[in-house]
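Right, one structure below, let's go through it.
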Amino acid sequence: MHKTESKADNANLYLFIPLYFSFVKILFYSSIVQITFQFYIYRLLVFILLCSTLYSCTEEKKLLPEDILTIDEIVPILVDIHIAEADIYLKKYKKDTAGKIASSYYLEIYKRHNISVADFDHSFNYFIDNKELMDEIYVKVIDELSKIEANAVKKLEESKRQKVE
């Protein structure tokens, strides 16, 4: 009797083994599917967070009021003003004389760019109140002044070479 029970147990065991492997297979595949699903959810969340971060970091460009000079209009004026001020500084005028010469330089610059003193002052004050725009303007001003300086250095070196020859 003992042997028959053993055979019956073995028969049940043999029936149980395929069920066990089927169950393990289902669990394994469902865990893979679950992991894959979780992975895609994770990637989707990362993508959404990245997009929202990028969107929040961008600012809409403010439209300038009509009575304000554009950035492209004010940059050359400021470049000319800085060159004029550098000229006055390097010539070491007395304060009274420097002020008069600066005023004449400024008037000449405004005339050359076809704007009035009031228009320039109004626009400049607007940009002073808008730090981001003023930063953008001065990045361009510094870039232009650097180009002018590089050209001047290049011409100076060429003239020195011509004198040597």
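By order of appearance in the structure tokens: chains A, B, ..., then residues from 1 within every chain, and ligands from 1 in the order shown.
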key: Near-A:Ile81 list (10 Å; only C-alpha atoms; drop same-chain fewer than 3 positions) as an MDAnalysis selection string   = chainID A and resid 75:78 84:87 102 105:106 109:110
Just write the chosen residues, N, CA and C atoms, as a compact mmCIF listing (two decimals), in the first residue's frame.
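Just written: result-v7.txt:
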```txt
# COMPACT_ATOMS: atom_id res chain seq x y z
N VAL A 75 21.77 99.32 -30.29
CA VAL A 75 23.13 98.78 -30.15
C VAL A 75 24.17 99.64 -30.85
N PRO A 76 23.99 100.02 -32.14
CA PRO A 76 25.01 100.86 -32.78
C PRO A 76 25.17 102.23 -32.11
N ILE A 77 24.08 102.75 -31.57
CA ILE A 77 24.15 104.04 -30.89
C ILE A 77 25.01 103.91 -29.64
N LEU A 78 24.78 102.85 -28.87
CA LEU A 78 25.57 102.64 -27.66
C LEU A 78 27.03 102.34 -27.97
N ALA A 84 33.02 107.16 -28.14
CA ALA A 84 33.20 108.59 -27.85
C ALA A 84 33.68 108.80 -26.42
N GLU A 85 33.08 108.08 -25.47
CA GLU A 85 33.50 108.22 -24.08
C GLU A 85 34.93 107.73 -23.87
N ALA A 86 35.31 106.67 -24.57
CA ALA A 86 36.69 106.19 -24.47
C ALA A 86 37.66 107.22 -25.02
N ASP A 87 37.28 107.87 -26.12
CA ASP A 87 38.13 108.92 -26.70
C ASP A 87 38.31 110.07 -25.71
N ALA A 102 31.72 115.83 -24.63
CA ALA A 102 30.81 114.68 -24.61
C ALA A 102 29.44 115.06 -25.16
N TYR A 105 29.71 115.29 -28.87
CA TYR A 105 29.80 113.93 -29.43
C TYR A 105 28.41 113.27 -29.45
N TYR A 106 27.69 113.37 -28.33
CA TYR A 106 26.37 112.74 -28.25
C TYR A 106 25.42 113.31 -29.29
N ILE A 109 26.28 111.90 -32.60
CA ILE A 109 25.86 110.49 -32.68
C ILE A 109 24.35 110.40 -32.93
N TYR A 110 23.57 111.19 -32.19
CA TYR A 110 22.12 111.18 -32.38
C TYR A 110 21.76 111.62 -33.80
```
